[in-house]
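**Student:** Structure supplied as my_file.txt; contents: compact mmCIF, C-alpha atoms and all ligand atoms.
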```txt
# COMPACT_ATOMS: atom_id res chain seq x y z
CA MET A 70 -2.36 24.10 13.40
CA ASN A 71 -6.08 23.44 13.01
CA GLU A 72 -6.76 19.68 13.00
CA THR A 73 -10.58 19.71 12.93
CA ARG A 74 -12.58 19.37 9.75
CA PRO A 75 -14.53 22.60 9.23
CA SER A 76 -18.22 22.02 9.92
CA SER A 77 -19.09 23.93 6.73
CA MET A 78 -17.19 21.43 4.59
CA LYS A 79 -19.53 19.43 2.33
CA ARG A 80 -19.00 15.70 1.97
CA ILE A 81 -17.37 15.11 -1.45
CA THR A 82 -19.62 12.56 -3.09
CA ASN A 83 -19.45 13.39 -6.79
CA LYS A 84 -17.23 14.71 -9.55
CA LYS A 85 -18.62 18.26 -9.38
CA LEU A 86 -17.81 18.60 -5.70
CA ALA A 87 -14.42 16.95 -6.29
CA LEU A 88 -13.53 19.44 -9.03
CA ALA A 89 -14.47 22.34 -6.75
CA PHE A 90 -12.26 20.86 -4.00
CA ILE A 91 -9.39 20.43 -6.47
CA ASP A 92 -9.67 24.09 -7.63
CA GLU A 93 -9.64 25.29 -4.05
CA GLN A 94 -6.67 23.12 -3.06
CA VAL A 95 -4.66 24.12 -6.13
CA LYS A 96 -5.11 27.77 -5.07
CA GLN A 97 -4.17 27.01 -1.47
CA ILE A 98 -1.10 24.98 -2.43
CA LYS A 99 0.11 27.74 -4.76
CA ALA A 100 -0.41 30.31 -2.00
CA GLN A 101 1.46 28.16 0.52
CA VAL A 102 4.50 27.12 -1.51
CA GLY A 103 4.79 29.74 -4.26
CA ASP A 104 7.59 28.79 -6.64
CA LYS A 105 9.40 26.60 -4.09
CA LYS A 106 10.01 22.87 -4.37
CA VAL A 107 7.97 20.27 -2.46
CA LEU A 108 9.07 16.74 -1.60
CA LEU A 109 6.73 13.73 -1.43
CA ALA A 110 7.30 10.08 -0.54
CA LEU A 111 5.12 8.48 -3.20
CA SER A 112 4.27 4.88 -2.32
CA GLY A 113 1.62 4.43 -5.01
CA GLY A 114 -1.09 4.02 -2.37
CA VAL A 115 -4.34 5.95 -2.75
CA ASP A 116 -3.52 8.82 -0.41
CA SER A 117 -0.01 9.66 -1.59
CA SER A 118 -1.07 9.20 -5.22
CA VAL A 119 -3.94 11.67 -4.87
CA VAL A 120 -1.65 14.16 -3.12
CA ALA A 121 0.90 13.74 -5.94
CA ALA A 122 -1.72 14.34 -8.64
CA LEU A 123 -3.03 17.44 -6.81
CA LEU A 124 0.47 18.89 -6.44
CA ILE A 125 1.39 18.14 -10.03
CA LYS A 126 -1.70 20.14 -11.02
CA ALA A 127 -0.73 22.99 -8.71
CA ILE A 128 3.06 23.24 -9.10
CA GLY A 129 4.08 20.78 -11.86
CA LYS A 130 7.78 19.97 -11.92
CA ASN A 131 8.35 21.66 -8.56
CA LEU A 132 6.90 18.60 -6.92
CA ILE A 133 9.66 16.07 -6.37
CA CYS A 134 8.31 12.59 -5.83
CA VAL A 135 10.53 9.92 -4.31
CA HIS A 136 9.43 6.34 -4.83
CA VAL A 137 11.36 3.91 -2.65
CA ASN A 138 10.97 0.33 -3.83
CA HIS A 139 11.63 -1.81 -0.75
CA GLY A 140 11.10 -5.00 -2.71
CA LEU A 141 7.99 -5.75 -0.67
CA LEU A 142 5.50 -4.10 -3.00
CA ARG A 143 2.98 -6.17 -4.91
CA LYS A 144 3.64 -7.39 -8.43
CA GLY A 145 3.49 -4.53 -10.93
CA GLU A 146 3.24 -1.69 -8.40
CA PRO A 147 6.59 0.11 -8.85
CA GLU A 148 6.11 -0.11 -12.62
CA GLN A 149 2.65 1.46 -12.33
CA VAL A 150 3.97 4.35 -10.23
CA ILE A 151 6.62 5.09 -12.88
CA GLN A 152 4.14 4.69 -15.74
CA VAL A 153 1.40 6.90 -14.28
CA PHE A 154 3.40 9.64 -12.60
CA LYS A 155 6.56 9.92 -14.67
CA LYS A 156 5.41 8.88 -18.14
CA GLU A 157 1.77 9.99 -18.17
CA MET A 158 1.71 12.95 -15.76
CA GLY A 159 5.27 14.14 -16.42
CA ALA A 160 6.17 14.33 -12.73
CA THR A 161 9.67 14.76 -11.37
CA LEU A 162 10.15 11.27 -9.95
CA ILE A 163 13.20 9.90 -8.20
CA TYR A 164 12.98 6.12 -8.25
CA ARG A 165 15.19 4.16 -5.89
CA ASN A 166 15.19 0.39 -6.07
CA LYS A 167 16.48 -0.56 -2.63
CA THR A 168 15.32 -4.19 -2.63
CA ASN A 169 18.80 -5.53 -1.82
CA LEU A 170 19.29 -3.15 1.08
CA PHE A 171 15.92 -3.99 2.67
CA LEU A 172 16.25 -7.75 2.18
CA ASN A 173 19.79 -7.75 3.58
CA GLU A 174 18.66 -5.84 6.68
CA LEU A 175 15.75 -8.26 7.11
CA LYS A 176 17.85 -11.39 6.64
CA GLY A 177 17.14 -13.96 9.36
CA VAL A 178 14.70 -11.67 11.23
CA SER A 179 11.49 -13.51 12.07
CA ASP A 180 9.89 -11.36 14.78
CA PRO A 181 7.05 -9.37 13.15
CA GLU A 182 7.54 -6.18 15.14
CA LYS A 183 11.30 -6.26 14.52
CA LYS A 184 10.58 -6.69 10.81
CA ARG A 185 8.23 -3.68 10.90
CA LYS A 186 10.83 -1.59 12.72
CA ILE A 187 13.56 -2.46 10.24
CA ILE A 188 11.36 -1.71 7.25
CA GLY A 189 10.24 1.61 8.79
CA LYS A 190 13.76 2.64 9.74
CA VAL A 191 15.44 1.72 6.46
CA PHE A 192 12.67 3.50 4.59
CA ILE A 193 13.19 6.69 6.56
CA ASP A 194 16.99 6.45 6.13
CA VAL A 195 16.69 6.11 2.36
CA PHE A 196 14.15 8.93 2.14
CA ALA A 197 16.21 11.21 4.39
CA GLN A 198 19.29 10.57 2.23
CA GLU A 199 17.37 11.66 -0.85
CA ALA A 200 15.98 14.70 0.98
CA LYS A 201 19.48 15.78 2.04
CA LYS A 202 20.70 15.61 -1.56
CA LEU A 203 18.01 18.15 -2.50
CA LYS A 204 19.38 20.97 -0.44
CA ASP A 205 16.86 23.72 -1.07
CA VAL A 206 13.62 21.82 -0.36
CA LYS A 207 11.67 23.18 2.61
CA PHE A 208 8.22 21.69 2.03
CA LEU A 209 7.12 18.11 2.57
CA ALA A 210 3.78 16.87 1.21
CA GLN A 211 2.02 14.08 3.05
CA GLY A 212 -1.01 11.93 2.34
CA THR A 213 -2.48 12.40 5.81
CA ILE A 214 -6.25 11.84 5.74
CA TYR A 215 -8.88 12.70 8.34
CA PRO A 216 -9.11 9.22 9.93
CA ASP A 217 -5.32 9.41 10.51
CA ILE A 218 -5.91 12.53 12.60
CA LEU A 219 -8.97 11.11 14.36
CA GLU A 220 -7.41 7.74 15.03
CA SER A 221 -3.90 8.83 15.80
CA LYS A 222 -3.88 6.10 18.40
CA GLY A 223 -5.35 3.59 15.94
CA VAL A 224 -4.09 0.81 13.73
CA LYS A 225 -1.81 2.87 11.52
CA ALA A 226 -0.06 4.53 14.43
CA HIS A 227 0.26 1.23 16.22
CA HIS A 228 1.82 -0.55 13.27
CA ASN A 229 3.79 2.09 11.49
CA VAL A 230 7.12 3.10 12.84
CA GLY A 231 9.32 5.94 11.82
CA GLY A 232 9.18 9.67 11.40
CA LEU A 233 11.76 11.86 9.79
CA PRO A 234 15.03 12.57 11.61
CA LYS A 235 14.86 15.72 13.75
CA ASN A 236 17.52 17.54 11.72
CA LEU A 237 15.27 17.47 8.66
CA LYS A 238 12.84 20.32 9.18
CA PHE A 239 10.00 20.76 6.74
CA GLU A 240 6.82 22.75 6.50
CA LEU A 241 4.03 20.26 5.82
CA VAL A 242 1.67 20.36 2.85
CA GLU A 243 -1.34 18.13 3.59
CA PRO A 244 -4.07 18.89 1.06
CA VAL A 245 -6.33 15.89 1.86
CA LYS A 246 -6.05 15.95 5.63
CA PHE A 247 -9.74 16.71 6.15
CA LEU A 248 -10.97 14.06 3.73
CA TYR A 249 -12.34 10.63 4.46
CA LYS A 250 -11.10 7.73 2.37
CA ASP A 251 -14.16 7.61 0.10
CA GLU A 252 -13.73 11.33 -0.63
CA VAL A 253 -10.04 10.86 -1.42
CA ARG A 254 -11.06 8.24 -3.99
CA VAL A 255 -13.65 10.55 -5.61
CA VAL A 256 -11.01 13.31 -5.83
CA GLY A 257 -8.50 10.82 -7.26
CA GLU A 258 -10.91 9.83 -10.01
CA ALA A 259 -11.65 13.46 -10.82
CA LEU A 260 -7.88 14.03 -11.12
CA GLY A 261 -7.76 11.29 -13.77
CA LEU A 262 -5.87 8.64 -11.80
CA PRO A 263 -6.44 5.05 -12.97
CA LYS A 264 -9.36 3.26 -11.29
CA ASN A 265 -7.18 0.39 -10.04
CA MET A 266 -5.00 2.90 -8.23
CA VAL A 267 -7.88 4.90 -6.77
CA TYR A 268 -9.87 1.87 -5.62
CA ARG A 269 -6.86 -0.08 -4.44
CA GLN A 270 -7.45 -2.21 -1.37
CA PRO A 271 -5.67 -1.15 1.82
CA PHE A 272 -2.09 -2.36 1.85
CA PRO A 273 0.08 -2.34 4.98
CA GLY A 274 3.12 -0.05 5.05
CA PRO A 275 5.53 -2.99 5.48
CA GLY A 276 3.86 -4.53 2.44
CA LEU A 277 4.44 -8.16 1.61
CA GLY A 278 7.01 -8.19 4.42
CA VAL A 279 4.26 -9.19 6.88
CA ARG A 280 2.75 -11.71 4.45
CA CYS A 281 6.00 -13.56 3.81
CA VAL A 282 5.68 -14.94 7.32
CA GLY A 283 8.79 -15.33 9.48
CA ALA A 284 12.28 -14.70 8.12
CA ILE A 285 11.91 -13.46 4.54
CA THR A 286 13.75 -15.24 1.77
CA ARG A 287 13.91 -14.05 -1.82
CA ASP A 288 12.53 -17.24 -3.32
CA ARG A 289 9.52 -17.33 -0.98
CA LEU A 290 8.93 -13.61 -1.48
CA ASN A 291 8.97 -14.06 -5.25
CA ALA A 292 6.52 -16.96 -4.99
CA LEU A 293 4.31 -14.76 -2.79
CA LYS A 294 4.30 -11.94 -5.36
CA GLU A 295 3.18 -14.31 -8.10
CA ALA A 296 0.56 -16.13 -6.01
CA ASP A 297 -0.78 -12.83 -4.63
CA ALA A 298 -1.15 -11.45 -8.15
CA ILE A 299 -3.26 -14.50 -9.06
CA VAL A 300 -5.47 -14.13 -5.97
CA ARG A 301 -6.01 -10.44 -6.72
CA GLU A 302 -6.72 -11.07 -10.39
CA GLU A 303 -9.27 -13.85 -9.81
CA ILE A 304 -11.12 -12.31 -6.83
CA GLY A 305 -10.94 -8.96 -8.62
CA LYS A 306 -13.14 -10.44 -11.37
CA LEU A 307 -16.08 -10.86 -8.97
CA GLU A 308 -18.93 -8.39 -9.27
CA LYS A 309 -18.50 -7.29 -5.68
CA THR A 310 -14.97 -7.52 -4.36
CA PRO A 311 -14.20 -7.75 -0.65
CA TRP A 312 -12.37 -5.08 1.36
CA GLN A 313 -9.02 -6.88 1.40
CA TYR A 314 -7.95 -9.99 -0.50
CA PHE A 315 -4.44 -11.27 -0.74
CA CYS A 316 -2.08 -14.18 -0.31
CA VAL A 317 0.18 -15.20 2.57
CA ILE A 318 3.01 -17.73 2.51
CA PRO A 319 3.92 -19.13 5.93
CA ASP A 320 7.43 -20.29 6.64
CA LEU A 321 6.62 -23.99 6.45
CA LYS A 322 7.03 -26.73 3.93
CA SER A 323 4.95 -29.82 3.29
CA THR A 324 5.29 -32.80 1.00
CA GLY A 325 4.22 -32.64 -2.60
CA ILE A 326 4.53 -35.14 -5.44
CA LYS A 327 5.55 -34.40 -8.99
CA ASP A 328 6.43 -36.89 -11.75
CA GLY A 329 6.30 -39.64 -9.14
CA LYS A 330 8.85 -37.89 -6.90
CA ARG A 331 8.18 -36.46 -3.45
CA TYR A 332 9.48 -33.00 -2.64
CA MET A 333 8.96 -30.26 -0.07
CA GLY A 334 7.11 -27.10 -1.09
CA TRP A 335 5.31 -24.09 0.40
CA ALA A 336 1.63 -23.60 1.06
CA ALA A 337 -0.07 -20.48 -0.33
CA VAL A 338 -2.84 -19.17 1.92
CA ILE A 339 -5.75 -17.23 0.45
CA ARG A 340 -7.23 -14.52 2.69
CA ALA A 341 -10.27 -12.38 1.84
CA ILE A 342 -12.14 -10.31 4.39
CA ASN A 343 -14.78 -7.66 4.75
CA THR A 344 -14.71 -5.02 7.43
CA LYS A 345 -15.75 -1.43 8.10
CA ASP A 346 -12.87 -0.30 10.26
CA ALA A 347 -10.40 -3.24 10.41
CA VAL A 348 -11.15 -3.62 14.13
CA THR A 349 -13.37 -6.62 13.46
CA ALA A 350 -13.59 -8.50 10.18
CA LYS A 351 -15.64 -11.27 8.56
CA SER A 352 -14.15 -13.78 6.21
CA PHE A 353 -15.53 -13.18 2.70
CA GLU A 354 -17.33 -16.14 1.12
CA ILE A 355 -15.23 -16.80 -1.97
CA PRO A 356 -17.29 -18.70 -4.56
CA TYR A 357 -16.00 -22.26 -5.03
CA LYS A 358 -15.45 -21.68 -8.72
CA THR A 359 -13.04 -18.87 -7.90
CA LEU A 360 -11.32 -20.89 -5.19
CA TYR A 361 -10.66 -23.77 -7.58
CA LYS A 362 -9.48 -21.43 -10.32
CA ILE A 363 -7.03 -19.81 -7.89
CA ARG A 364 -5.81 -23.22 -6.71
CA ASP A 365 -5.25 -24.49 -10.25
CA ARG A 366 -3.45 -21.36 -11.36
CA ILE A 367 -1.17 -21.10 -8.32
CA ILE A 368 -0.15 -24.75 -8.53
CA LYS A 369 0.48 -24.50 -12.27
CA GLU A 370 2.07 -21.06 -12.43
CA VAL A 371 4.04 -20.58 -9.21
CA PRO A 372 7.16 -22.69 -8.73
CA GLY A 373 7.78 -23.90 -5.19
CA ILE A 374 4.13 -24.02 -4.09
CA ASN A 375 2.52 -27.45 -3.77
CA ARG A 376 -0.49 -26.70 -1.58
CA VAL A 377 -3.20 -24.02 -1.49
CA LEU A 378 -5.19 -23.25 1.67
CA TRP A 379 -8.05 -20.88 2.44
CA ASP A 380 -7.90 -18.98 5.72
CA TYR A 381 -11.58 -18.28 6.41
CA SER A 382 -11.16 -17.11 10.00
CA ASP A 383 -12.90 -14.02 11.34
CA LYS A 384 -11.37 -11.22 13.41
CA PRO A 385 -11.45 -11.70 16.35
CA ILE A 386 -9.84 -14.11 16.97
CA SER A 387 -7.62 -14.05 13.90
CA THR A 388 -6.13 -10.72 12.88
CA ILE A 389 -6.44 -9.78 9.21
CA GLU A 390 -2.71 -10.10 8.57
CA TRP A 391 -0.80 -13.15 9.73
CA GLU A 392 1.81 -11.02 11.44
P1 LIG A 401 -4.69 -6.66 11.63
O1 LIG A 401 -3.76 -7.66 11.04
O2 LIG A 401 -4.14 -5.99 12.87
O3 LIG A 401 -4.82 -5.51 10.55
O4 LIG A 401 -6.09 -7.21 11.84
C1 LIG A 401 -5.76 -4.47 10.58
C2 LIG A 401 -5.56 -3.61 9.34
O5 LIG A 401 -4.30 -2.96 9.42
C3 LIG A 401 -3.49 -3.29 8.32
N1 LIG A 401 -2.12 -3.43 8.82
C4 LIG A 401 -1.19 -2.49 8.68
N2 LIG A 401 -1.23 -1.28 8.09
N3 LIG A 401 1.04 -0.97 8.64
C5 LIG A 401 -0.11 -0.53 8.06
O6 LIG A 401 -0.12 0.56 7.51
C6 LIG A 401 1.15 -2.17 9.26
O7 LIG A 401 2.20 -2.54 9.78
C7 LIG A 401 -0.03 -2.97 9.27
N4 LIG A 401 -0.31 -4.19 9.78
C8 LIG A 401 -1.60 -4.45 9.50
C9 LIG A 401 -4.06 -4.59 7.77
O8 LIG A 401 -3.72 -4.78 6.40
C10 LIG A 401 -5.51 -4.41 8.04
O9 LIG A 401 -6.14 -3.64 7.04
```
Show this structure as structure tokens.

**Tutor:**
Amino acid sequence: MNETRPSSMKRITNKKLALAFIDEQVKQIKAQVGDKKVLLALSGGVDSSVVAALLIKAIGKNLICVHVNHGLLRKGEPEQVIQVFKKEMGATLIYRNKTNLFLNELKGVSDPEKKRKIIGKVFIDVFAQEAKKLKDVKFLAQGTIYPDILESKGVKAHHNVGGLPKNLKFELVEPVKFLYKDEVRVVGEALGLPKNMVYRQPFPGPGLGVRCVGAITRDRLNALKEADAIVREEIGKLEKTPWQYFCVIPDLKSTGIKDGKRYMGWAAVIRAINTKDAVTAKSFEIPYKTLYKIRDRIIKEVPGINRVLWDYSDKPISTIEWE
């Protein structure tokens, strides 16, 4: 299979070029799959969302999207996937809330790479189970983009574990495999996807699993979801938002005081960075006003957190994620 972007391919920088690309891909997808069904693991990330929207345009209900909620998605994400794809675009969407399964498998596991492996493996198991139920599906759509091909030894390959079991054989449909990320976003907008989905910041495959540092517990994970939503909302209000901005909750407690009584609570860590390629990164200068607003809101709105910290370290020496 050809894995090199054709030299004649124009860079997709505007809506007109995006619409031409969409027309071409719709034709190609129809020619490839005909009236057969196509399966897609739809995470709600930019790449799989754009692939879903393209396939819905090309083959409608014959696209079968599977959204596996591992419980480690950010606040509001599974709901948005259902709203946009099922309710607004009328997609065939199988939604599986497997939070309990993932959290049980992760119980007591604190090693980051073990956590990644478990999340990757359970995800593949759940997806493969769904695929087996749909007996006549021979095509699998994937949100592979050009940097994934170019950097097959890069960050994604290093971190992400998995791959479908050998007994599941599919022909791949990869309509955006020659596109760079900025082009995928332009195509996504032209397909009518919501801006907050198309311009979503990069989010690791294991999700909040690597931001709920150490062994994950439900209460700390819930606190993380709430605190992270506040960080994203407040930094998201800035005129120019950084590349990645999120919250981390380490597995440590410190003393707080409430109504004259001392108690132990967690510390929420704010992280905001700018980078071109994630190989090096600079801490983003969050305006003090925003920092204080985030602090006040987290302390007031998120039970269990009694301290807010700002991690303003650069990479190297600190990686972007804590795990
Ligand atoms: P680090 O923490 O290594 O992260 O500086 C570099 C970039 O990679 C993302 N990241 C991941 N992405 N699966 C992913 O798909 C992962 O397991 C993973 N771990 C880190 C991170 O968010 C940053 O953008």

**Student:** Counting only C-alpha atoms, which of A:Lys204, A:Phe239, A:Asn375, A:Met78 gets nearest to Arg331 in chain A?

**Tutor:**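 Using only C-alpha atoms, Arg331 in chain A sits closest to A:Asn375.
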
**Student:** Could you give me, as a CSV table (one decimal) with C-alpha atoms, in the coordinates of the input, every polymer residue with an atom at most 10 Å away from an atom of ligand LIG 401 (chain A), counting only C-alpha atoms and all ligand atoms?

**Tutor:**
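Listed below is the output, result.csv:
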```
chain,number,residue,atom,x,y,z
A,181,PRO,CA,7.0,-9.4,13.2
A,182,GLU,CA,7.5,-6.2,15.1
A,184,LYS,CA,10.6,-6.7,10.8
A,185,ARG,CA,8.2,-3.7,10.9
A,186,LYS,CA,10.8,-1.6,12.7
A,188,ILE,CA,11.4,-1.7,7.2
A,189,GLY,CA,10.2,1.6,8.8
A,223,GLY,CA,-5.4,3.6,15.9
A,224,VAL,CA,-4.1,0.8,13.7
A,225,LYS,CA,-1.8,2.9,11.5
A,226,ALA,CA,-0.1,4.5,14.4
A,227,HIS,CA,0.3,1.2,16.2
A,228,HIS,CA,1.8,-0.6,13.3
A,229,ASN,CA,3.8,2.1,11.5
A,230,VAL,CA,7.1,3.1,12.8
A,270,GLN,CA,-7.4,-2.2,-1.4
A,271,PRO,CA,-5.7,-1.2,1.8
A,272,PHE,CA,-2.1,-2.4,1.8
A,273,PRO,CA,0.1,-2.3,5.0
A,274,GLY,CA,3.1,0.0,5.0
A,275,PRO,CA,5.5,-3.0,5.5
A,276,GLY,CA,3.9,-4.5,2.4
A,278,GLY,CA,7.0,-8.2,4.4
A,279,VAL,CA,4.3,-9.2,6.9
A,280,ARG,CA,2.8,-11.7,4.4
A,312,TRP,CA,-12.4,-5.1,1.4
A,313,GLN,CA,-9.0,-6.9,1.4
A,314,TYR,CA,-8.0,-10.0,-0.5
A,315,PHE,CA,-4.4,-11.3,-0.7
A,342,ILE,CA,-12.1,-10.3,4.4
A,343,ASN,CA,-14.8,-7.7,4.8
A,344,THR,CA,-14.7,-5.0,7.4
A,345,LYS,CA,-15.8,-1.4,8.1
A,346,ASP,CA,-12.9,-0.3,10.3
A,347,ALA,CA,-10.4,-3.2,10.4
A,348,VAL,CA,-11.2,-3.6,14.1
A,349,THR,CA,-13.4,-6.6,13.5
A,350,ALA,CA,-13.6,-8.5,10.2
A,383,ASP,CA,-12.9,-14.0,11.3
A,384,LYS,CA,-11.4,-11.2,13.4
A,385,PRO,CA,-11.4,-11.7,16.4
A,386,ILE,CA,-9.8,-14.1,17.0
A,387,SER,CA,-7.6,-14.0,13.9
A,388,THR,CA,-6.1,-10.7,12.9
A,389,ILE,CA,-6.4,-9.8,9.2
A,390,GLU,CA,-2.7,-10.1,8.6
A,391,TRP,CA,-0.8,-13.2,9.7
A,392,GLU,CA,1.8,-11.0,11.4
```

**Student:** Dig up all the protein and nucleic acid residues within 10 Å of (16.6, -9.9, 6.2) in the file frame, using only C-alpha atoms, and format them as an MDAnalysis selection string.

**Tutor:** chainID A and resid 169:179 184 187:188 278 284:287

**Student:** Using only C-alpha atoms, which of A:Arg376, A:Lys322, A:Lys85, A:Lys327 sits nearest Glu258 in chain A?

**Tutor:** A:Lys85

**Student:** Considering all atoms listed in the file, return as a list of chain:residue names whatever protein or nucleic-acid residues lie within 10 Å of Ile133 in chain A, sequence-local ones (same chain, fewer than 6 positions apart) excluded.

**Tutor:** A:Lys106, A:Val107, A:Leu108, A:Leu109, A:Ala110, A:Leu111, A:Ala121, A:Leu124, A:Ile125, A:Ala160, A:Thr161, A:Leu162, A:Ile163, A:Ala200, A:Leu203, A:Val206, A:Leu209, A:Ala210

**Student:** Take the residues from that selection and write them out as an mmCIF file, keeping the file's coordinate frame, keeping C-alpha atoms.

**Tutor:**
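Below you can see part-v7.cif, which holds the result:
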```
data_model
loop_
_atom_site.group_PDB
_atom_site.id
_atom_site.type_symbol
_atom_site.label_atom_id
_atom_site.label_comp_id
_atom_site.auth_asym_id
_atom_site.auth_seq_id
_atom_site.Cartn_x
_atom_site.Cartn_y
_atom_site.Cartn_z
ATOM 1 C CA LYS A 106 10.010 22.870 -4.370
ATOM 2 C CA VAL A 107 7.970 20.270 -2.460
ATOM 3 C CA LEU A 108 9.070 16.740 -1.600
ATOM 4 C CA LEU A 109 6.730 13.730 -1.430
ATOM 5 C CA ALA A 110 7.300 10.080 -0.540
ATOM 6 C CA LEU A 111 5.120 8.480 -3.200
ATOM 7 C CA ALA A 121 0.900 13.740 -5.940
ATOM 8 C CA LEU A 124 0.470 18.890 -6.440
ATOM 9 C CA ILE A 125 1.390 18.140 -10.030
ATOM 10 C CA ALA A 160 6.170 14.330 -12.730
ATOM 11 C CA THR A 161 9.670 14.760 -11.370
ATOM 12 C CA LEU A 162 10.150 11.270 -9.950
ATOM 13 C CA ILE A 163 13.200 9.900 -8.200
ATOM 14 C CA ALA A 200 15.980 14.700 0.980
ATOM 15 C CA LEU A 203 18.010 18.150 -2.500
ATOM 16 C CA VAL A 206 13.620 21.820 -0.360
ATOM 17 C CA LEU A 209 7.120 18.110 2.570
ATOM 18 C CA ALA A 210 3.780 16.870 1.210
#
```

**Student:** Could you tell me which of A:Glu370, A:Asp116, A:Asp104, A:Glu252 comes closest to Leu88 in chain A if we count only C-alpha atoms?

**Tutor:**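 Going through A:Glu370, A:Asp116, A:Asp104, A:Glu252 one by one, the smallest distance to Leu88 in chain A is for A:Glu252.
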
**Student:** Using all atoms listed in the file, which of the listed residues (A:Val119, A:Ala127, A:Ile299, A:Leu378) sits closest to Pro319 in chain A?

**Tutor:**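 Distance minimum relative to Pro319 in chain A lands on A:Leu378.
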
**Student:** What is the distance, in Å and to one decimal place, between CA of Gly283 in chain A and CA of Arg366 in chain A?

**Tutor:**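 Atom-to-atom, CA of Gly283 in chain A to CA of Arg366 in chain A, that is 24.9 Å.
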
**Student:** Quick one: what's the axis-aligned box for range 77-90 of chain A, all listed atoms, 3 Å on every side, centre and edges in Å to one decimal, as lines of an AutoDock Vina configuration file?

**Tutor:**
```
center_x = -15.9
center_y = 18.2
center_z = -1.4
size_x = 13.4
size_y = 17.4
size_z = 22.3
```

**Student:** Which polymer residues have any atom within 12 Å of an atom of range 151-158 of chain A, counting all atoms listed in the file, with same-chain residues fewer than 4 positions away left out, as a PyMOL selection string?

**Tutor:** chain A and resi 111-113+117-126+129-130+132-138+145-147+162-166+260-266
